[in-house]
Structure formats: structure tokens, C-alpha cells
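Structure file final-v7.tsv; described as TSV, C-alpha atoms.
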```tsv
chain	number	residue	atom	x	y	z
A	1	MET	CA	-22.16	-93.23	-20.47
A	2	ALA	CA	-18.46	-93.10	-19.77
A	3	ALA	CA	-18.69	-89.33	-19.40
A	4	ILE	CA	-21.43	-89.62	-16.78
A	5	ALA	CA	-19.48	-92.20	-14.81
A	6	ASN	CA	-16.21	-90.21	-14.98
A	7	THR	CA	-17.70	-86.87	-14.06
A	8	SER	CA	-19.60	-88.25	-11.11
A	9	GLY	CA	-16.51	-90.11	-9.85
A	10	GLU	CA	-18.11	-93.49	-10.60
A	11	VAL	CA	-21.00	-92.69	-8.25
A	12	LEU	CA	-23.59	-92.52	-11.02
A	13	ARG	CA	-23.64	-95.46	-13.38
A	14	ALA	CA	-26.30	-95.51	-16.04
A	15	GLU	CA	-26.96	-98.89	-17.58
A	16	GLU	CA	-25.89	-98.71	-21.16
A	17	GLY	CA	-28.81	-100.62	-22.54
A	18	SER	CA	-31.39	-98.44	-20.85
A	19	LEU	CA	-30.03	-95.44	-22.75
A	20	TYR	CA	-31.98	-96.04	-25.94
A	21	PRO	CA	-35.50	-96.48	-24.56
A	22	ALA	CA	-34.86	-93.27	-22.58
A	23	LEU	CA	-33.62	-91.46	-25.68
A	24	TYR	CA	-36.69	-92.48	-27.67
A	25	ARG	CA	-38.96	-91.35	-24.90
A	26	ILE	CA	-37.29	-87.94	-24.81
A	27	GLU	CA	-37.47	-87.75	-28.58
A	28	GLU	CA	-41.17	-88.57	-28.34
A	29	ALA	CA	-41.60	-85.56	-26.06
A	30	GLY	CA	-39.90	-83.37	-28.64
A	31	TRP	CA	-36.97	-82.36	-26.47
A	32	ILE	CA	-34.30	-83.86	-28.71
A	33	ARG	CA	-34.14	-84.58	-32.42
A	34	ALA	CA	-32.17	-87.29	-34.18
A	35	GLU	CA	-30.45	-87.61	-37.53
A	36	TRP	CA	-28.72	-90.44	-39.32
A	37	ILE	CA	-25.13	-89.72	-40.36
A	38	LYS	CA	-22.63	-91.79	-42.30
A	39	LYS	CA	-19.50	-92.54	-40.31
A	40	ASP	CA	-15.94	-93.02	-41.66
A	41	THR	CA	-16.25	-96.75	-41.08
A	42	GLY	CA	-19.15	-96.85	-43.54
A	43	ARG	CA	-21.79	-97.62	-40.93
A	44	ARG	CA	-24.62	-95.27	-40.17
A	45	ALA	CA	-25.02	-93.76	-36.74
A	46	ARG	CA	-27.81	-91.75	-35.22
A	47	ILE	CA	-26.77	-88.51	-33.51
A	48	TYR	CA	-29.01	-86.54	-31.18
A	49	GLU	CA	-29.21	-82.85	-30.41
A	50	LEU	CA	-31.30	-80.75	-28.04
A	51	THR	CA	-34.21	-78.84	-29.54
A	52	ALA	CA	-35.27	-75.39	-28.31
A	53	ALA	CA	-38.09	-77.00	-26.33
A	54	GLY	CA	-35.54	-79.45	-24.91
A	55	LYS	CA	-33.26	-76.64	-23.73
A	56	LYS	CA	-36.17	-74.96	-22.02
A	57	GLN	CA	-37.18	-78.23	-20.38
A	58	LEU	CA	-33.60	-78.82	-19.25
A	59	GLY	CA	-33.49	-75.39	-17.62
A	60	ALA	CA	-36.79	-76.05	-15.84
A	61	GLU	CA	-35.71	-79.48	-14.60
A	62	GLU	CA	-32.35	-78.13	-13.46
A	63	SER	CA	-33.82	-75.34	-11.37
A	64	ARG	CA	-36.32	-77.79	-9.89
A	65	TRP	CA	-33.50	-80.14	-8.96
A	66	GLN	CA	-31.57	-77.22	-7.43
A	67	SER	CA	-34.44	-76.17	-5.24
A	68	VAL	CA	-35.20	-79.74	-4.14
A	69	SER	CA	-31.60	-80.57	-3.28
A	70	LEU	CA	-31.17	-77.23	-1.50
A	71	ALA	CA	-34.24	-77.97	0.58
A	72	ILE	CA	-33.02	-81.46	1.42
A	73	ASN	CA	-29.61	-80.11	2.42
A	74	ARG	CA	-31.18	-77.54	4.73
A	75	VAL	CA	-33.30	-80.17	6.40
A	76	LEU	CA	-30.30	-82.47	6.86
A	77	ARG	CA	-28.13	-79.72	8.34
A	78	LYS	CA	-30.82	-78.70	10.79
A	79	ALA	CA	-31.20	-82.30	11.96
B	1	MET	CA	-41.96	-87.58	-32.88
B	2	SER	CA	-45.29	-86.89	-34.47
B	3	LEU	CA	-48.39	-89.06	-34.39
B	4	TRP	CA	-47.95	-89.53	-38.13
B	5	SER	CA	-44.52	-91.09	-37.76
B	6	ARG	CA	-45.82	-93.36	-35.02
B	7	ILE	CA	-48.59	-94.54	-37.33
B	8	LEU	CA	-46.05	-95.07	-40.13
B	9	HIS	CA	-43.92	-97.10	-37.73
B	10	ALA	CA	-46.90	-99.24	-36.77
B	11	VAL	CA	-47.61	-100.02	-40.42
B	12	SER	CA	-43.98	-100.82	-41.25
B	13	GLY	CA	-42.88	-102.35	-37.97
B	14	ASP	CA	-40.09	-104.42	-39.53
B	15	ARG	CA	-38.36	-101.36	-40.90
B	16	LEU	CA	-38.46	-99.70	-37.50
B	17	ASN	CA	-36.97	-102.80	-35.88
B	18	GLY	CA	-34.19	-102.74	-38.48
B	19	GLU	CA	-33.43	-99.11	-37.67
B	20	ILE	CA	-33.34	-99.70	-33.93
B	21	ASP	CA	-31.13	-102.77	-34.36
B	22	GLU	CA	-28.78	-100.81	-36.57
B	23	GLU	CA	-28.48	-98.05	-33.99
B	24	LEU	CA	-27.88	-100.46	-31.09
B	25	HIS	CA	-25.29	-102.42	-33.04
B	26	SER	CA	-23.51	-99.26	-34.06
B	27	HIS	CA	-23.36	-98.27	-30.37
B	28	VAL	CA	-21.79	-101.58	-29.42
B	29	GLU	CA	-19.34	-101.48	-32.29
B	30	GLU	CA	-18.26	-97.98	-31.47
B	31	ALA	CA	-17.64	-99.00	-27.88
B	32	ILE	CA	-15.50	-101.92	-29.03
B	33	ALA	CA	-13.65	-99.72	-31.51
B	34	SER	CA	-12.80	-97.31	-28.71
B	35	GLY	CA	-10.80	-100.07	-27.09
B	36	ARG	CA	-13.20	-101.67	-24.63
B	37	ASP	CA	-13.40	-105.38	-24.13
B	38	PRO	CA	-16.14	-106.82	-26.43
B	39	ASP	CA	-17.51	-109.18	-23.77
B	40	GLU	CA	-17.68	-106.42	-21.19
B	41	VAL	CA	-19.48	-104.13	-23.63
B	42	ARG	CA	-22.07	-106.78	-24.50
B	43	ARG	CA	-22.58	-107.63	-20.84
B	44	THR	CA	-23.14	-104.06	-19.72
B	45	PHE	CA	-25.31	-103.29	-22.72
B	46	GLY	CA	-27.64	-106.18	-22.03
B	47	SER	CA	-29.72	-108.14	-24.49
B	48	ILE	CA	-30.12	-106.28	-27.77
B	49	LEU	CA	-33.44	-108.06	-28.36
B	50	ARG	CA	-34.79	-106.82	-25.04
B	51	GLN	CA	-33.66	-103.24	-25.66
B	52	ARG	CA	-35.16	-103.34	-29.12
B	53	GLU	CA	-38.51	-104.51	-27.78
B	54	ALA	CA	-38.55	-101.75	-25.16
B	55	SER	CA	-37.61	-99.13	-27.76
B	56	HIS	CA	-40.06	-100.41	-30.32
B	57	SER	CA	-43.11	-100.00	-28.11
B	58	ILE	CA	-42.15	-96.39	-27.44
B	59	ARG	CA	-41.86	-95.45	-31.07
B	60	VAL	CA	-45.10	-96.93	-32.48
B	61	ALA	CA	-48.76	-96.24	-31.94
B	62	GLY	CA	-49.40	-99.45	-30.02
B	63	TRP	CA	-53.15	-99.57	-30.43
B	64	LEU	CA	-52.80	-99.33	-34.19
B	65	GLU	CA	-50.17	-102.05	-34.32
B	66	SER	CA	-52.33	-104.50	-32.40
B	67	LEU	CA	-55.33	-103.53	-34.50
B	68	LEU	CA	-53.37	-104.31	-37.66
B	69	ALA	CA	-52.32	-107.65	-36.20
B	70	ASP	CA	-55.96	-108.46	-35.42
B	71	VAL	CA	-57.05	-107.50	-38.93
B	72	ARG	CA	-54.34	-109.67	-40.45
B	73	PHE	CA	-55.32	-112.60	-38.24
B	74	GLY	CA	-59.01	-112.12	-39.02
B	75	SER	CA	-58.52	-111.98	-42.76
B	76	ARG	CA	-56.42	-115.16	-42.67
B	77	GLN	CA	-59.18	-116.93	-40.74
B	78	LEU	CA	-61.73	-115.76	-43.31
B	79	CYS	CA	-59.60	-117.03	-46.19
B	80	ARG	CA	-59.16	-120.39	-44.49
B	81	ASN	CA	-62.89	-121.13	-44.22
B	82	LYS	CA	-64.17	-119.74	-47.51
B	83	VAL	CA	-67.62	-121.33	-47.47
B	84	THR	CA	-68.39	-120.24	-43.92
B	85	SER	CA	-67.13	-116.74	-44.66
B	86	VAL	CA	-69.27	-116.35	-47.78
B	87	ALA	CA	-72.34	-117.61	-45.90
B	88	ALA	CA	-71.70	-115.20	-43.04
B	89	VAL	CA	-71.18	-112.23	-45.36
B	90	LEU	CA	-74.31	-113.08	-47.35
B	91	SER	CA	-76.54	-113.45	-44.32
B	92	LEU	CA	-75.20	-110.22	-42.83
B	93	ALA	CA	-75.78	-108.40	-46.11
B	94	LEU	CA	-79.36	-109.67	-46.38
B	95	GLY	CA	-80.08	-108.84	-42.75
B	96	ILE	CA	-78.69	-105.32	-42.99
B	97	GLY	CA	-80.43	-104.75	-46.31
B	98	SER	CA	-83.86	-105.73	-45.01
B	99	CYS	CA	-83.38	-103.65	-41.86
B	100	VAL	CA	-82.49	-100.60	-43.94
B	101	ALA	CA	-85.50	-101.13	-46.21
B	102	ALA	CA	-87.86	-101.44	-43.24
B	103	PHE	CA	-86.32	-98.38	-41.61
B	104	ARG	CA	-86.72	-96.29	-44.75
B	105	LEU	CA	-90.36	-97.23	-45.06
B	106	ILE	CA	-91.15	-96.47	-41.43
B	107	ASP	CA	-89.12	-93.27	-41.60
B	108	ALA	CA	-91.04	-92.00	-44.61
B	109	LEU	CA	-94.47	-93.00	-43.32
B	110	LEU	CA	-94.37	-92.38	-39.61
B	111	TRP	CA	-91.44	-90.39	-38.42
B	112	ARG	CA	-91.29	-87.61	-40.95
B	113	PRO	CA	-94.13	-85.19	-40.31
B	114	LEU	CA	-94.92	-82.55	-42.89
B	115	PRO	CA	-92.23	-79.87	-42.47
B	116	ILE	CA	-94.82	-77.27	-41.59
B	117	SER	CA	-95.85	-75.41	-38.51
B	118	GLY	CA	-99.04	-76.51	-36.77
B	119	ALA	CA	-99.04	-80.01	-38.28
B	120	SER	CA	-100.87	-81.27	-35.19
B	121	GLN	CA	-103.81	-78.92	-35.95
B	122	LEU	CA	-104.11	-80.11	-39.55
B	123	TYR	CA	-106.85	-82.44	-40.81
B	124	VAL	CA	-107.93	-83.78	-44.17
B	125	LEU	CA	-111.57	-83.42	-45.19
B	126	THR	CA	-113.13	-86.41	-46.87
B	127	HIS	CA	-116.74	-87.27	-47.53
B	128	LYS	CA	-118.54	-90.58	-47.56
B	129	MET	CA	-120.65	-91.35	-50.55
B	130	THR	CA	-122.32	-94.21	-52.28
B	131	GLY	CA	-120.04	-95.68	-54.87
B	132	LEU	CA	-120.42	-98.30	-57.56
B	133	TYR	CA	-123.01	-101.04	-56.86
B	134	GLY	CA	-124.18	-99.19	-53.77
B	135	LYS	CA	-120.96	-99.79	-51.85
B	136	PRO	CA	-119.96	-97.02	-49.50
B	137	ALA	CA	-116.96	-95.10	-50.75
B	138	GLU	CA	-114.87	-92.31	-49.44
B	139	ASP	CA	-113.55	-89.43	-51.45
B	140	GLY	CA	-111.23	-86.57	-50.62
B	141	HIS	CA	-111.84	-84.37	-53.64
B	142	TRP	CA	-113.94	-81.25	-53.54
B	143	ALA	CA	-115.35	-78.66	-55.94
B	144	THR	CA	-114.04	-75.14	-55.47
B	145	PRO	CA	-117.42	-73.36	-55.01
B	146	ASP	CA	-118.21	-75.91	-52.31
B	147	PHE	CA	-114.82	-75.27	-50.77
B	148	ASN	CA	-115.49	-71.51	-50.72
B	149	LEU	CA	-118.82	-72.01	-48.96
B	150	MET	CA	-117.31	-74.26	-46.33
B	151	ARG	CA	-114.33	-71.94	-45.85
B	152	ASP	CA	-116.57	-68.98	-45.10
B	153	ALA	CA	-118.77	-71.07	-42.80
B	154	VAL	CA	-116.00	-72.12	-40.42
B	155	LYS	CA	-113.69	-69.14	-40.73
B	156	ASP	CA	-113.94	-68.24	-37.03
B	157	GLN	CA	-112.55	-71.54	-35.83
B	158	ALA	CA	-110.54	-72.96	-38.67
B	159	ASP	CA	-108.90	-72.25	-42.01
B	160	LEU	CA	-109.55	-74.40	-45.03
B	161	ILE	CA	-106.74	-75.00	-47.49
B	162	ALA	CA	-107.18	-76.36	-51.00
B	163	VAL	CA	-104.43	-78.36	-52.65
B	164	SER	CA	-104.89	-80.19	-55.94
B	165	ASP	CA	-103.11	-83.40	-56.84
B	166	ALA	CA	-99.66	-82.79	-58.31
B	167	ASP	CA	-100.47	-84.05	-61.81
B	168	ARG	CA	-97.89	-84.48	-64.50
B	169	THR	CA	-98.56	-81.60	-66.82
B	170	ASP	CA	-97.14	-80.42	-70.12
B	171	ILE	CA	-95.34	-77.13	-69.63
B	172	ASN	CA	-92.91	-75.18	-71.69
B	173	TRP	CA	-90.54	-72.45	-70.75
B	174	SER	CA	-90.62	-70.32	-73.87
B	175	THR	CA	-92.48	-70.54	-77.12
B	176	GLN	CA	-89.56	-72.21	-78.94
B	177	ASP	CA	-88.71	-74.71	-76.23
B	178	ASP	CA	-89.80	-78.28	-76.35
B	179	MET	CA	-92.67	-79.37	-74.20
B	180	GLU	CA	-91.66	-80.97	-70.93
B	181	LYS	CA	-93.45	-82.63	-68.03
B	182	ALA	CA	-93.64	-81.35	-64.48
B	183	HIS	CA	-95.76	-82.11	-61.42
B	184	VAL	CA	-98.05	-79.09	-61.11
B	185	ALA	CA	-100.29	-78.48	-58.11
B	186	TYR	CA	-102.88	-75.75	-57.70
B	187	VAL	CA	-103.07	-74.42	-54.14
B	188	SER	CA	-105.13	-71.82	-52.34
B	189	GLY	CA	-103.15	-68.68	-51.51
B	190	ASN	CA	-103.40	-69.29	-47.77
B	191	MET	CA	-101.43	-72.57	-47.92
B	192	PHE	CA	-97.92	-71.15	-47.70
B	193	PRO	CA	-98.62	-68.66	-44.86
B	194	LEU	CA	-100.71	-71.17	-42.84
B	195	PHE	CA	-98.01	-73.84	-43.17
B	196	GLY	CA	-95.50	-71.24	-41.96
B	197	LEU	CA	-93.29	-71.66	-45.02
B	198	GLU	CA	-90.70	-69.08	-46.03
B	199	PRO	CA	-89.47	-68.52	-49.57
B	200	THR	CA	-85.92	-69.43	-50.57
B	201	LEU	CA	-86.16	-66.79	-53.29
B	202	GLY	CA	-88.71	-64.09	-54.15
B	203	ARG	CA	-92.16	-64.48	-52.60
B	204	LEU	CA	-94.67	-67.32	-52.18
B	205	LEU	CA	-98.37	-67.32	-53.11
B	206	ALA	CA	-100.56	-65.33	-50.73
B	207	PRO	CA	-104.31	-65.07	-50.01
B	208	ALA	CA	-104.43	-62.04	-52.32
B	209	ASP	CA	-103.73	-64.39	-55.23
B	210	ASP	CA	-107.17	-65.99	-54.66
B	211	ARG	CA	-109.16	-62.83	-55.41
B	212	GLY	CA	-110.79	-64.00	-58.59
B	213	PRO	CA	-110.41	-66.11	-61.69
B	214	GLY	CA	-107.39	-65.22	-63.79
B	215	VAL	CA	-106.03	-62.34	-61.70
B	216	ALA	CA	-102.87	-64.02	-60.43
B	217	PRO	CA	-100.78	-65.51	-63.25
B	218	TYR	CA	-97.97	-66.37	-60.85
B	219	ALA	CA	-96.02	-69.56	-60.19
B	220	VAL	CA	-93.83	-70.75	-57.32
B	221	LEU	CA	-91.22	-73.44	-57.94
B	222	SER	CA	-90.37	-76.09	-55.38
B	223	TRP	CA	-86.79	-76.07	-54.17
B	224	ASP	CA	-86.11	-79.52	-55.70
B	225	TYR	CA	-87.34	-78.48	-59.12
B	226	TRP	CA	-85.37	-75.24	-58.99
B	227	ASN	CA	-82.32	-77.29	-58.03
B	228	HIS	CA	-82.46	-80.06	-60.62
B	229	ARG	CA	-84.06	-78.19	-63.54
B	230	PHE	CA	-82.39	-74.77	-63.17
B	231	GLY	CA	-79.25	-75.50	-61.12
B	232	ARG	CA	-80.44	-72.99	-58.48
B	233	ASP	CA	-80.29	-70.13	-60.98
B	234	PRO	CA	-80.89	-66.94	-58.95
B	235	HIS	CA	-82.18	-65.15	-62.08
B	236	ILE	CA	-85.16	-67.46	-62.41
B	237	LEU	CA	-87.54	-64.84	-61.00
B	238	GLY	CA	-89.54	-63.08	-63.71
B	239	ARG	CA	-89.24	-65.86	-66.30
B	240	SER	CA	-92.49	-67.23	-67.57
B	241	LEU	CA	-93.78	-70.72	-68.08
B	242	HIS	CA	-96.65	-71.72	-70.33
B	243	ILE	CA	-99.37	-74.30	-69.77
B	244	GLY	CA	-101.73	-74.55	-72.70
B	245	ASP	CA	-102.66	-70.96	-73.53
B	246	GLN	CA	-101.91	-69.65	-70.04
B	247	SER	CA	-98.67	-67.92	-69.01
B	248	PHE	CA	-97.33	-67.73	-65.48
B	249	GLU	CA	-94.60	-65.52	-64.10
B	250	ILE	CA	-92.13	-67.12	-61.66
B	251	ILE	CA	-92.34	-65.12	-58.45
B	252	GLY	CA	-90.48	-67.33	-56.00
B	253	VAL	CA	-88.92	-70.59	-54.87
B	254	GLY	CA	-90.29	-72.58	-51.92
B	255	PRO	CA	-88.36	-73.73	-48.86
B	256	ARG	CA	-85.90	-76.59	-49.26
B	257	ASN	CA	-87.67	-79.28	-47.21
B	258	PHE	CA	-91.21	-78.76	-48.53
B	259	THR	CA	-92.06	-81.10	-51.42
B	260	GLY	CA	-95.83	-80.73	-51.37
B	261	THR	CA	-98.51	-82.49	-49.35
B	262	GLU	CA	-98.65	-85.69	-51.38
B	263	LYS	CA	-96.67	-88.67	-50.15
B	264	GLY	CA	-94.30	-90.06	-52.75
B	265	THR	CA	-94.64	-87.19	-55.19
B	266	VAL	CA	-92.44	-84.13	-55.31
B	267	THR	CA	-94.42	-81.15	-56.52
B	268	ASP	CA	-92.46	-79.07	-59.03
B	269	VAL	CA	-94.66	-76.03	-59.60
B	270	PHE	CA	-97.30	-74.42	-57.36
B	271	LEU	CA	-99.98	-72.32	-59.11
B	272	PRO	CA	-102.86	-70.34	-57.58
B	273	LEU	CA	-106.12	-72.27	-57.26
B	274	SER	CA	-107.96	-69.40	-58.94
B	275	MET	CA	-105.98	-69.90	-62.17
B	276	ASN	CA	-107.45	-73.34	-62.83
B	277	ARG	CA	-110.46	-73.38	-65.14
B	278	PHE	CA	-112.20	-75.85	-62.80
B	279	ALA	CA	-112.15	-73.28	-59.99
B	280	THR	CA	-115.51	-71.84	-61.02
B	281	ARG	CA	-117.20	-75.12	-61.87
B	282	ASP	CA	-119.78	-76.45	-59.42
B	283	SER	CA	-119.71	-80.02	-60.53
B	284	VAL	CA	-116.00	-80.77	-60.74
B	285	SER	CA	-114.41	-82.14	-57.60
B	286	TRP	CA	-110.74	-81.76	-58.28
B	287	HIS	CA	-108.76	-80.70	-55.19
B	288	ARG	CA	-108.24	-81.89	-51.67
B	289	THR	CA	-109.27	-79.81	-48.70
B	290	PHE	CA	-107.23	-79.49	-45.53
B	291	LEU	CA	-108.58	-78.00	-42.37
B	292	MET	CA	-106.30	-76.25	-39.93
B	293	LEU	CA	-107.74	-75.32	-36.56
B	294	LYS	CA	-106.98	-71.79	-35.42
B	295	PRO	CA	-104.44	-71.57	-32.59
B	296	GLY	CA	-106.11	-72.23	-29.24
B	297	VAL	CA	-109.03	-74.23	-30.63
B	298	ASP	CA	-109.24	-77.61	-28.90
B	299	PRO	CA	-109.69	-80.48	-31.40
B	300	ALA	CA	-111.53	-82.59	-28.80
B	301	THR	CA	-114.47	-80.22	-28.52
B	302	ALA	CA	-114.36	-78.31	-31.80
B	303	LEU	CA	-114.23	-81.06	-34.40
B	304	GLU	CA	-117.72	-82.56	-34.07
B	305	PRO	CA	-119.60	-79.21	-34.27
B	306	LEU	CA	-117.38	-78.25	-37.21
B	307	ARG	CA	-118.22	-81.52	-38.95
B	308	GLN	CA	-121.95	-80.95	-38.59
B	309	HIS	CA	-121.63	-77.35	-39.66
B	310	LEU	CA	-119.67	-78.31	-42.76
B	311	ALA	CA	-122.16	-81.03	-43.62
B	312	ALA	CA	-124.95	-78.48	-43.38
B	313	VAL	CA	-123.40	-75.98	-45.77
B	314	SER	CA	-121.92	-78.43	-48.24
B	315	ARG	CA	-124.48	-78.72	-50.99
B	316	ALA	CA	-122.62	-81.02	-53.31
B	317	PHE	CA	-123.56	-84.20	-51.52
B	318	GLU	CA	-126.86	-84.40	-49.75
B	319	ALA	CA	-126.01	-87.51	-47.86
B	320	TRP	CA	-122.81	-86.00	-46.65
B	321	SER	CA	-121.43	-87.49	-43.56
B	322	GLY	CA	-118.14	-86.09	-42.62
B	323	PHE	CA	-115.13	-88.11	-41.80
B	324	TRP	CA	-112.03	-86.86	-40.10
B	325	GLN	CA	-108.62	-88.13	-40.61
B	326	ARG	CA	-105.31	-86.71	-39.64
```
What is this structure when it is put down as C-alpha cells?
Amino acid sequence: MAAIANTSGEVLRAEEGSLYPALYRIEEAGWIRAEWIKKDTGRRARIYELTAAGKKQLGAEESRWQSVSLAINRVLRKA
Amino acid sequence: MSLWSRILHAVSGDRLNGEIDEELHSHVEEAIASGRDPDEVRRTFGSILRQREASHSIRVAGWLESLLADVRFGSRQLCRNKVTSVAAVLSLALGIGSCVAAFRLIDALLWRPLPISGASQLYVLTHKMTGLYGKPAEDGHWATPDFNLMRDAVKDQADLIAVSDADRTDINWSTQDDMEKAHVAYVSGNMFPLFGLEPTLGRLLAPADDRGPGVAPYAVLSWDYWNHRFGRDPHILGRSLHIGDQSFEIIGVGPRNFTGTEKGTVTDVFLPLSMNRFATRDSVSWHRTFLMLKPGVDPATALEPLRQHLAAVSRAFEAWSGFWQR
């Protein structure tokens, strides 16, 4: 969350609470997988990592975003 | 996440809620541990209960969860009103039972035609006669010489088929074996080909097996008998069975769905008509006679002339008046 906000210069702010429903939905689609680990404090935490299908999906979404934003930029500049 | 895990989650919903809670709490705690203000973290995170509800519905098979809830509710209602429940179950059971019984009866009597080809062209021959105390009676049994006469008389328009009742008969399978009972029917050789039946194993009886008395010591087993008496032994062909002083060689097994022409009786063994000692006797009426019209013969116009013709040649009963029945 903090990383997203910092990198985008506080322009993008994801709501913290909405993170988990989104994570579960992505997990449902098979793009990430989760594992419980034991932390030093003694509590368990769930860590997520991209699956192969997830990486492929990320690439596809990224190139789609690129082409859409490129198109929008062109239109804006022309106007 | 697989469908299986979603179903598991639906069945053990409390465990899933515990897991989600644990994960959300660990998120909040980590944020606080990293030095953020606890109130600010809780405010930005929002209600844990709300997040848990949103997450929960994603991770379970919702339809199954609500189905389980309905089942639980229903069973509690049933337990609460025991008398009403028992009465309802009983009346349902009786209703379903009687429906099934009625269906089975109608199915057996009306909806299951003989599994043969040309069933619509098939008729049973019976004759009317004077019975005890002068009452009119009807009989479907015929003597074989009579049958032969009638068969030759109508052979241009129809085929006659002889089938005896499937009587329980003592048979044994080798000279040492104990005697056992089986339903044995004697049939004319044209029955299997005219009914369009194909053997499961070996060959079936054919018109050639009718040539004369004692020339065809062959037997065909019904599929059911082969199944329950011999466990579908493929080496059954060539074995012999004995009835009295006669021996028959097994030459084939009939098709699976054909259990004979008698309702309610499964025929076990089919033997050639010519092998029965009654087959040459004029005075013994012992088998039924079926009439199958040749293809292309119209029952509406052909039956009445056939009836008169048969009555004319049949010498067994002078006052013969034919009667047709499908």
C-alpha cells in the first residue's frame, strides 16, 4: 500500500481494506498463490507470490494498458 | 483456488472466517509494528467485519453454503414438530410406493412390447369350444398335426409359429449331477428367425430343426438362464443336457432381452418342437400357435379370409370358430 502511494507520488491511494477481497479474487483466478508462514513475532502471516499464469496475465494487462494510454495520449495531443 | 477448496470452505465456514480474521489482524498489527499510528491504521483499513464478509463470499461456493443453511434450517424444523414430520414422511412414502407399484404393473403389461421385430403383425390363434356344462370356452392350445395342416394352408400370406408353455421340467446336466428344475419351452424352428432374434452365442434354432421327429437334439439357452446358472460361461456350447432319456446339445444362447413369449415367466431352455413326443400325436393339444402376417399383408383385409380358411382345414374341432387376439 505504502509502496504504491510512494511510487505514484501520493497520486494513487489504494484503500487498505479493499486489498484483501482483491487478493482473494486474484487468487481465485489462479494468478497468485498464497502460503502461511510463521513470523518472528510468533504470529502467522500469509504471503503471496505470482504464479506462471499470473505473470503471463500481468504481461497481457500491461501491454493492454500501454496501448490504451498511448492511444489516449495521441488523441489528447491532437486536440 | 479450486472448486474443491471452495466446497470445503462452504462446509467449514467458521474455519475460513478464522483464517481471514487472522490474516487481516496480522496486517493491522504489522502496520502498527512498523511505526504507524494505531488509530490511523484502523481508520484507513476500515471495518474488519466488513472486509471479512466481502472476502468470505469470494472464497466459498455460495450456492452450496446457502443450500447447507437451508438443510440445517429444514432439519431443525422437522425435529421440532416430530408428529407432523412422521405423518408427512409416512404419507409421502405410501404415495410414492403405490405410484411405483402402479407404474411397474402398467409398464409390464402395456408399455413393454415383445422385443421382437414385426410385433404389430403378430396374432395369437385361439379356438372357441364348448366347455364344461355346455358353457362356451376358449382355448389357445393346439395339436401339432393340426398346426402343420394350418401352417401349410396359409403359407402364402402368413407364418404360423408354435410355442409351448414354459413348464418347469426336471433336467440334469450330466449323468452324475443332481436333477434340477428349469422352464423348458418347445418352439418351432421358425420362431427365432421370424421374431428377428440374433444369438448372443452360437446359433439359434432354425426351420431345418423341424424336419422330423428326433432329428434335432439341440437346445438354446435364454440369456437370463445362461447368466444366472452358468455365469455367462463362453464354453457352454457343446455341453449336453438330459431330460428323461433324451439328450440335447447346447448350440447357442438367445438375445439378452428375449425371455420367451409368456408373460411373467422367463423361459430357460428352448428345444425344437419336433423333439417333443407329443409332436406326432393328433389328440394332444399342447402348444400355442402364433400367426405372423407376411410383410405387406394388410391385417384389415387379410384376417377374416385367413380365419375362415383356417377353420376349414382345422379338423380337430368341428365347431371351430376362430377368434383373433393380438
Write out as a PyMOL selection string every residue belonging to chain B that has an atom at most 8 Å from any atom of chain A, counting only C-alpha atoms. chain B and resi 1-2+22-24+26-27+44-48+51+54-55+58-59
Expressed in Å, the length from atom CA of B:Ala101 to atom CA of B:Val89 is 18.1 Å
Give me the residues within 10 Å of stretch 207-212 of chain B as a PyMOL selection string, counting all atoms listed in the file and dropping any in the same chain fewer than 5 places off. chain B and resi 187-193+217-218+271-275+279-280
Separating atom CA of B:Thr144 from atom CA of B:Arg281, to the nearest tenth of an Å, is a gap of 7.1 Å
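Candidate residues B:Gln157, B:Val163, B:Arg6, B:Gly13 were compared for distance to B:Thr301, and the nearest is B:Gln157, using all atoms listed in the file.
We find atom CA of B:Ser75 and atom CA of B:Ala88 to be spaced 13.6 Å apart.
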